[in-house]
$ cat my_file-v7.cif   # mmCIF, C-alpha atoms; chains and numbers go by the auth columns
data_upload
loop_
_atom_site.group_PDB
_atom_site.id
_atom_site.type_symbol
_atom_site.label_atom_id
_atom_site.label_comp_id
_atom_site.label_asym_id
_atom_site.label_seq_id
_atom_site.Cartn_x
_atom_site.Cartn_y
_atom_site.Cartn_z
_atom_site.B_iso_or_equiv
_atom_site.auth_seq_id
_atom_site.auth_asym_id
ATOM 1 C CA MET A 1 45.031 -33.753 -10.709 0.00 1 A
ATOM 2 C CA SER A 2 45.150 -33.515 -14.476 0.00 2 A
ATOM 3 C CA ARG A 3 44.989 -30.101 -16.087 0.00 3 A
ATOM 4 C CA PRO A 4 41.541 -30.627 -17.837 0.00 4 A
ATOM 5 C CA LEU A 5 40.042 -31.910 -14.580 0.00 5 A
ATOM 6 C CA ALA A 6 41.449 -28.947 -12.633 0.00 6 A
ATOM 7 C CA MET A 7 40.065 -26.480 -15.195 0.00 7 A
ATOM 8 C CA SER A 8 36.677 -28.163 -15.051 0.00 8 A
ATOM 9 C CA ALA A 9 36.637 -28.014 -11.234 0.00 9 A
ATOM 10 C CA LEU A 10 37.670 -24.343 -11.333 0.00 10 A
ATOM 11 C CA GLY A 11 34.927 -23.603 -13.874 0.00 11 A
ATOM 12 C CA ALA A 12 32.322 -25.343 -11.710 0.00 12 A
ATOM 13 C CA LEU A 13 33.520 -23.391 -8.664 0.00 13 A
ATOM 14 C CA MET A 14 33.284 -20.096 -10.567 0.00 14 A
ATOM 15 C CA ILE A 15 29.753 -20.894 -11.746 0.00 15 A
ATOM 16 C CA ALA A 16 28.712 -21.810 -8.196 0.00 16 A
ATOM 17 C CA ALA A 17 30.186 -18.543 -6.889 0.00 17 A
ATOM 18 C CA LEU A 18 28.342 -16.576 -9.576 0.00 18 A
ATOM 19 C CA ILE A 19 25.032 -18.247 -8.733 0.00 19 A
ATOM 20 C CA ALA A 20 25.570 -17.664 -5.000 0.00 20 A
ATOM 21 C CA GLY A 21 26.342 -13.991 -5.669 0.00 21 A
ATOM 22 C CA VAL A 22 23.232 -13.514 -7.770 0.00 22 A
ATOM 23 C CA MET A 23 21.097 -15.186 -5.102 0.00 23 A
ATOM 24 C CA LEU A 24 22.696 -13.127 -2.335 0.00 24 A
ATOM 25 C CA PHE A 25 22.246 -9.762 -4.034 0.00 25 A
ATOM 26 C CA SER A 26 18.881 -10.389 -5.685 0.00 26 A
ATOM 27 C CA ALA A 27 16.105 -9.615 -3.246 0.00 27 A
ATOM 28 C CA SER A 28 13.172 -11.962 -3.236 0.00 28 A
ATOM 29 C CA PRO A 29 9.698 -10.527 -3.969 0.00 29 A
ATOM 30 C CA ALA A 30 8.904 -10.797 -0.251 0.00 30 A
ATOM 31 C CA ALA A 31 12.017 -8.768 0.588 0.00 31 A
ATOM 32 C CA ASN A 32 10.919 -6.098 -1.911 0.00 32 A
ATOM 33 C CA ALA A 33 7.424 -5.905 -0.436 0.00 33 A
ATOM 34 C CA GLN A 34 6.589 -2.650 1.273 0.00 34 A
ATOM 35 C CA THR A 35 5.611 -3.009 4.920 0.00 35 A
ATOM 36 C CA VAL A 36 2.204 -1.506 5.651 0.00 36 A
ATOM 37 C CA THR A 37 1.082 -1.155 9.276 0.00 37 A
ATOM 38 C CA VAL A 38 -2.714 -1.218 9.467 0.00 38 A
ATOM 39 C CA HIS A 39 -4.587 0.082 12.512 0.00 39 A
ATOM 40 C CA LYS A 40 -8.102 -1.380 12.594 0.00 40 A
ATOM 41 C CA THR A 41 -10.818 -2.288 15.027 0.00 41 A
ATOM 42 C CA PRO A 42 -11.064 -6.002 15.901 0.00 42 A
ATOM 43 C CA TRP A 43 -14.622 -6.406 14.602 0.00 43 A
ATOM 44 C CA CYS A 44 -14.328 -4.831 11.127 0.00 44 A
ATOM 45 C CA GLY A 45 -14.610 -7.354 8.298 0.00 45 A
ATOM 46 C CA CYS A 46 -14.056 -4.894 5.458 0.00 46 A
ATOM 47 C CA CYS A 47 -10.757 -3.832 7.057 0.00 47 A
ATOM 48 C CA ALA A 48 -9.637 -7.467 7.031 0.00 48 A
ATOM 49 C CA ALA A 49 -10.694 -7.712 3.368 0.00 49 A
ATOM 50 C CA TRP A 50 -8.609 -4.599 2.556 0.00 50 A
ATOM 51 C CA VAL A 51 -5.628 -6.215 4.304 0.00 51 A
ATOM 52 C CA ASP A 52 -6.183 -9.257 2.044 0.00 52 A
ATOM 53 C CA HIS A 53 -6.162 -6.894 -0.972 0.00 53 A
ATOM 54 C CA LEU A 54 -2.773 -5.523 0.113 0.00 54 A
ATOM 55 C CA HIS A 55 -1.401 -9.051 0.626 0.00 55 A
ATOM 56 C CA ASP A 56 -2.675 -10.078 -2.814 0.00 56 A
ATOM 57 C CA GLU A 57 -0.908 -7.058 -4.327 0.00 57 A
ATOM 58 C CA GLY A 58 2.428 -8.004 -2.739 0.00 58 A
ATOM 59 C CA SER A 59 2.555 -5.899 0.429 0.00 59 A
ATOM 60 C CA TYR A 60 3.771 -7.167 3.765 0.00 60 A
ATOM 61 C CA VAL A 61 1.106 -6.141 6.295 0.00 61 A
ATOM 62 C CA ILE A 62 1.308 -5.765 10.053 0.00 62 A
ATOM 63 C CA VAL A 63 -2.139 -5.516 11.628 0.00 63 A
ATOM 64 C CA LYS A 64 -2.600 -3.669 14.920 0.00 64 A
ATOM 65 C CA GLU A 65 -6.064 -4.066 16.347 0.00 65 A
ATOM 66 C CA GLU A 66 -7.173 -1.002 18.295 0.00 66 A
ATOM 67 C CA GLU A 67 -10.419 -0.259 20.089 0.00 67 A
ATOM 68 C CA ASP A 68 -10.184 3.472 19.290 0.00 68 A
ATOM 69 C CA LEU A 69 -8.462 4.852 16.198 0.00 69 A
ATOM 70 C CA THR A 70 -9.041 8.512 17.147 0.00 70 A
ATOM 71 C CA PRO A 71 -5.627 9.040 18.813 0.00 71 A
ATOM 72 C CA ILE A 72 -3.842 7.421 15.854 0.00 72 A
ATOM 73 C CA ARG A 73 -5.681 9.575 13.315 0.00 73 A
ATOM 74 C CA SER A 74 -5.012 12.667 15.401 0.00 74 A
ATOM 75 C CA ARG A 75 -1.292 11.865 15.608 0.00 75 A
ATOM 76 C CA LEU A 76 -1.152 11.275 11.836 0.00 76 A
ATOM 77 C CA GLY A 77 -3.131 14.393 10.842 0.00 77 A
ATOM 78 C CA VAL A 78 -6.209 12.700 9.368 0.00 78 A
ATOM 79 C CA ARG A 79 -9.020 15.264 9.377 0.00 79 A
ATOM 80 C CA ASP A 80 -12.646 14.215 9.998 0.00 80 A
ATOM 81 C CA GLU A 81 -13.723 14.639 6.367 0.00 81 A
ATOM 82 C CA LEU A 82 -10.989 12.205 5.247 0.00 82 A
ATOM 83 C CA MET A 83 -11.797 9.415 7.709 0.00 83 A
ATOM 84 C CA SER A 84 -12.825 5.877 6.915 0.00 84 A
ATOM 85 C CA CYS A 85 -12.793 2.667 8.954 0.00 85 A
ATOM 86 C CA HIS A 86 -9.046 1.942 9.167 0.00 86 A
ATOM 87 C CA THR A 87 -5.780 3.856 9.093 0.00 87 A
ATOM 88 C CA ALA A 88 -2.454 2.602 7.782 0.00 88 A
ATOM 89 C CA GLU A 89 1.128 3.801 7.772 0.00 89 A
ATOM 90 C CA VAL A 90 3.715 3.089 5.089 0.00 90 A
ATOM 91 C CA ASP A 91 7.125 4.676 4.593 0.00 91 A
ATOM 92 C CA GLY A 92 6.165 7.861 6.458 0.00 92 A
ATOM 93 C CA TYR A 93 2.793 8.264 4.727 0.00 93 A
ATOM 94 C CA VAL A 94 -0.759 7.842 6.014 0.00 94 A
ATOM 95 C CA VAL A 95 -3.196 5.654 4.089 0.00 95 A
ATOM 96 C CA GLU A 96 -6.760 6.206 5.287 0.00 96 A
ATOM 97 C CA GLY A 97 -9.532 3.883 4.205 0.00 97 A
ATOM 98 C CA HIS A 98 -10.020 1.633 1.198 0.00 98 A
ATOM 99 C CA VAL A 99 -7.213 3.021 -0.962 0.00 99 A
ATOM 100 C CA PRO A 100 -6.332 0.741 -3.902 0.00 100 A
ATOM 101 C CA ALA A 101 -2.841 -0.775 -3.652 0.00 101 A
ATOM 102 C CA ARG A 102 -2.026 0.797 -7.026 0.00 102 A
ATOM 103 C CA GLU A 103 -2.318 4.279 -5.506 0.00 103 A
ATOM 104 C CA ILE A 104 -0.143 3.312 -2.539 0.00 104 A
ATOM 105 C CA ARG A 105 2.568 2.114 -4.957 0.00 105 A
ATOM 106 C CA ARG A 106 2.197 5.351 -6.947 0.00 106 A
ATOM 107 C CA LEU A 107 2.528 7.431 -3.771 0.00 107 A
ATOM 108 C CA LEU A 108 5.695 5.560 -2.810 0.00 108 A
ATOM 109 C CA GLU A 109 7.157 5.945 -6.315 0.00 109 A
ATOM 110 C CA GLU A 110 6.363 9.654 -6.675 0.00 110 A
ATOM 111 C CA LYS A 111 7.151 10.543 -3.032 0.00 111 A
ATOM 112 C CA PRO A 112 5.218 13.841 -2.981 0.00 112 A
ATOM 113 C CA ASP A 113 5.577 16.151 0.013 0.00 113 A
ATOM 114 C CA VAL A 114 2.197 15.262 1.588 0.00 114 A
ATOM 115 C CA ASN A 115 0.846 13.489 4.678 0.00 115 A
ATOM 116 C CA GLY A 116 -0.819 10.739 2.688 0.00 116 A
ATOM 117 C CA VAL A 117 -3.836 9.494 0.780 0.00 117 A
ATOM 118 C CA SER A 118 -7.419 8.744 1.704 0.00 118 A
ATOM 119 C CA VAL A 119 -10.601 7.214 0.391 0.00 119 A
ATOM 120 C CA PRO A 120 -13.122 8.888 2.702 0.00 120 A
ATOM 121 C CA GLY A 121 -16.083 6.838 3.865 0.00 121 A
ATOM 122 C CA MET A 122 -16.618 3.311 2.626 0.00 122 A
ATOM 123 C CA PRO A 123 -17.409 3.362 -1.115 0.00 123 A
ATOM 124 C CA GLN A 124 -19.207 0.309 -2.449 0.00 124 A
ATOM 125 C CA GLY A 125 -16.865 -1.761 -4.629 0.00 125 A
ATOM 126 C CA SER A 126 -13.592 -0.232 -3.392 0.00 126 A
ATOM 127 C CA PRO A 127 -10.905 -2.747 -2.320 0.00 127 A
ATOM 128 C CA GLY A 128 -12.291 -4.578 0.707 0.00 128 A
ATOM 129 C CA MET A 129 -15.827 -3.344 0.019 0.00 129 A
ATOM 130 C CA GLU A 130 -16.637 -5.581 -2.954 0.00 130 A
ATOM 131 C CA THR A 131 -20.253 -6.774 -3.180 0.00 131 A
ATOM 132 C CA PRO A 132 -22.545 -7.950 -5.970 0.00 132 A
ATOM 133 C CA ASN A 133 -24.067 -4.443 -6.109 0.00 133 A
ATOM 134 C CA ALA A 134 -22.946 -1.842 -8.660 0.00 134 A
ATOM 135 C CA PRO A 135 -19.703 -0.175 -7.520 0.00 135 A
ATOM 136 C CA ASP A 136 -19.556 3.481 -6.537 0.00 136 A
ATOM 137 C CA ARG A 137 -17.378 6.053 -8.219 0.00 137 A
ATOM 138 C CA TYR A 138 -14.996 7.588 -5.688 0.00 138 A
ATOM 139 C CA ASP A 139 -11.852 9.679 -5.419 0.00 139 A
ATOM 140 C CA VAL A 140 -8.531 8.896 -3.844 0.00 140 A
ATOM 141 C CA ILE A 141 -7.593 12.108 -2.061 0.00 141 A
ATOM 142 C CA ILE A 142 -4.025 13.228 -1.481 0.00 142 A
ATOM 143 C CA PHE A 143 -3.692 15.462 1.568 0.00 143 A
ATOM 144 C CA SER A 144 -1.347 17.527 3.665 0.00 144 A
ATOM 145 C CA GLY A 145 -2.418 19.847 6.448 0.00 145 A
ATOM 146 C CA GLU A 146 -5.500 21.683 5.225 0.00 146 A
ATOM 147 C CA ASP A 147 -4.780 20.941 1.547 0.00 147 A
ATOM 148 C CA ALA A 148 -6.641 18.049 -0.049 0.00 148 A
ATOM 149 C CA ARG A 149 -7.124 17.270 -3.740 0.00 149 A
ATOM 150 C CA THR A 150 -8.054 14.388 -5.994 0.00 150 A
ATOM 151 C CA TYR A 151 -5.150 12.061 -6.809 0.00 151 A
ATOM 152 C CA ALA A 152 -7.132 9.463 -8.793 0.00 152 A
ATOM 153 C CA SER A 153 -10.730 8.457 -9.454 0.00 153 A
ATOM 154 C CA TYR A 154 -12.117 4.912 -9.459 0.00 154 A
ATOM 155 C CA ARG A 155 -15.302 3.016 -10.070 0.00 155 A
ATOM 156 C CA GLY A 156 -14.995 0.035 -7.771 0.00 156 A
ATOM 157 C CA THR A 157 -11.488 -1.329 -8.293 0.00 157 A
ATOM 158 C CA GLN A 158 -11.175 0.119 -11.816 0.00 158 A
ATOM 159 C CA LEU A 159 -9.118 3.271 -12.383 0.00 159 A
ATOM 160 C CA VAL A 160 -11.202 5.960 -14.118 0.00 160 A
ATOM 161 C CA SER A 161 -8.685 8.805 -14.163 0.00 161 A
ATOM 162 C CA GLU A 162 -5.393 9.815 -12.636 0.00 162 A
ATOM 163 C CA GLN A 163 -4.362 13.367 -11.869 0.00 163 A
ATOM 164 C CA ALA A 164 -0.880 14.687 -12.564 0.00 164 A
ATOM 165 C CA ARG A 165 1.754 14.401 -9.909 0.00 165 A
ATOM 166 C CA PRO A 166 1.093 16.887 -7.115 0.00 166 A
#
$ encode --input "my_file-v7.cif" --output "structure tokens"
Amino acid sequence: MSRPLAMSALGALMIAALIAGVMLFSASPAANAQTVTVHKTPWCGCCAAWVDHLHDEGSYVIVKEEEDLTPIRSRLGVRDELMSCHTAEVDGYVVEGHVPAREIRRLLEEKPDVNGVSVPGMPQGSPGMETPNAPDRYDVIIFSGEDARTYASYRGTQLVSEQARP
């Protein structure tokens, strides 16, 4: 093999190795997606719409349909005043109700020492609860044990204010 041809083959091999290395060590968006396990009742349409919201925002979602969410909420420390229609788990945190994906990402970035976040009830216009009616203003609550405080405020899917890191 002539020297220029050998150098060209070696160069092509090095470029192929570099591309393979980049592909091997660069995670795809799906691989970077956070896995969210959602516990919901089989008949709840707004829960399914919230799952769609998480998918649309890049999360990988595992849905577990349950007839009774009470034991799950009890195990995860969700108090009555924080409850909504579905309960999720992500990276050791609880996500109760129609929490915007933005606040889940923020929780996972900040990693505060709390049980999780909640949007109590079912506010009109929150993710999964969109309708043609005017959206409600609601708070995303961060909680741990008996402590609960506002983490962010929304009107529908629009952020109104964000509180400092807990």
$ closest_atom_pairs --input "my_file-v7.cif" --of "region 99-124 of chain A" --to "region 133-156 of chain A" --cutoff "10 Å" --atoms "all atoms listed in the file" --output "JSON lines"
{"residue": "A:Val99", "atom": "CA", "partner": "A:Val140", "partner_atom": "CA", "distance": 6.7}
{"residue": "A:Pro100", "atom": "CA", "partner": "A:Val140", "partner_atom": "CA", "distance": 8.4}
{"residue": "A:Glu103", "atom": "CA", "partner": "A:Ala152", "partner_atom": "CA", "distance": 7.8}
{"residue": "A:Arg106", "atom": "CA", "partner": "A:Tyr151", "partner_atom": "CA", "distance": 10.0}
{"residue": "A:Leu107", "atom": "CA", "partner": "A:Ile142", "partner_atom": "CA", "distance": 9.0}
{"residue": "A:Pro112", "atom": "CA", "partner": "A:Ile142", "partner_atom": "CA", "distance": 9.4}
{"residue": "A:Asp113", "atom": "CA", "partner": "A:Ser144", "partner_atom": "CA", "distance": 7.9}
{"residue": "A:Val114", "atom": "CA", "partner": "A:Ser144", "partner_atom": "CA", "distance": 4.7}
{"residue": "A:Asn115", "atom": "CA", "partner": "A:Ser144", "partner_atom": "CA", "distance": 4.7}
{"residue": "A:Gly116", "atom": "CA", "partner": "A:Phe143", "partner_atom": "CA", "distance": 5.6}
{"residue": "A:Val117", "atom": "CA", "partner": "A:Ile142", "partner_atom": "CA", "distance": 4.4}
{"residue": "A:Ser118", "atom": "CA", "partner": "A:Ile141", "partner_atom": "CA", "distance": 5.1}
{"residue": "A:Val119", "atom": "CA", "partner": "A:Val140", "partner_atom": "CA", "distance": 5.0}
{"residue": "A:Pro120", "atom": "CA", "partner": "A:Ile141", "partner_atom": "CA", "distance": 8.0}
{"residue": "A:Gly121", "atom": "CA", "partner": "A:Tyr138", "partner_atom": "CA", "distance": 9.6}
{"residue": "A:Met122", "atom": "CA", "partner": "A:Tyr138", "partner_atom": "CA", "distance": 9.5}
{"residue": "A:Pro123", "atom": "CA", "partner": "A:Asp136", "partner_atom": "CA", "distance": 5.8}
{"residue": "A:Gln124", "atom": "CA", "partner": "A:Pro135", "partner_atom": "CA", "distance": 5.1}
$ atom_distance --input "my_file-v7.cif" --atom1 "CA of Thr87 (chain A)" --atom2 "CA of Leu54 (chain A)"
13.3 Å
$ closest_residue --input "my_file-v7.cif" --among "A:Thr70, A:Thr131, A:Thr35, A:Ser126" --to "Leu159 (chain A)" --atoms "all atoms listed in the file"
A:Ser126
$ atom_distance --input "my_file-v7.cif" --atom1 "CA of Glu66 (chain A)" --atom2 "CA of Ala48 (chain A)"
13.2 Å
$ closest_residue --input "my_file-v7.cif" --among "A:Ile104, A:Leu76, A:Val36, A:Val95" --to "Lys64 (chain A)" --atoms "only C-alpha atoms"
A:Val36
$ closest_residue --input "my_file-v7.cif" --among "A:Cys46, A:Val38, A:Val160, A:Ile62" --to "Val94 (chain A)" --atoms "all atoms listed in the file"
A:Val38
$ atom_distance --input "my_file-v7.cif" --atom1 "CA of Asp56 (chain A)" --atom2 "CA of Arg73 (chain A)"
25.6 Å
$ closest_residue --input "my_file-v7.cif" --among "A:Cys85, A:Val63, A:Val90, A:Met129" --to "Cys44 (chain A)" --atoms "all atoms listed in the file"
A:Cys85
$ closest_residue --input "my_file-v7.cif" --among "A:Pro71, A:Gly125, A:Glu65, A:Tyr93" --to "Arg105 (chain A)" --atoms "only C-alpha atoms"
A:Tyr93
$ closest_residue --input "my_file-v7.cif" --among "A:Gln158, A:Glu130, A:His55, A:Cys47" --to "Ala88 (chain A)" --atoms "only C-alpha atoms"
A:Cys47
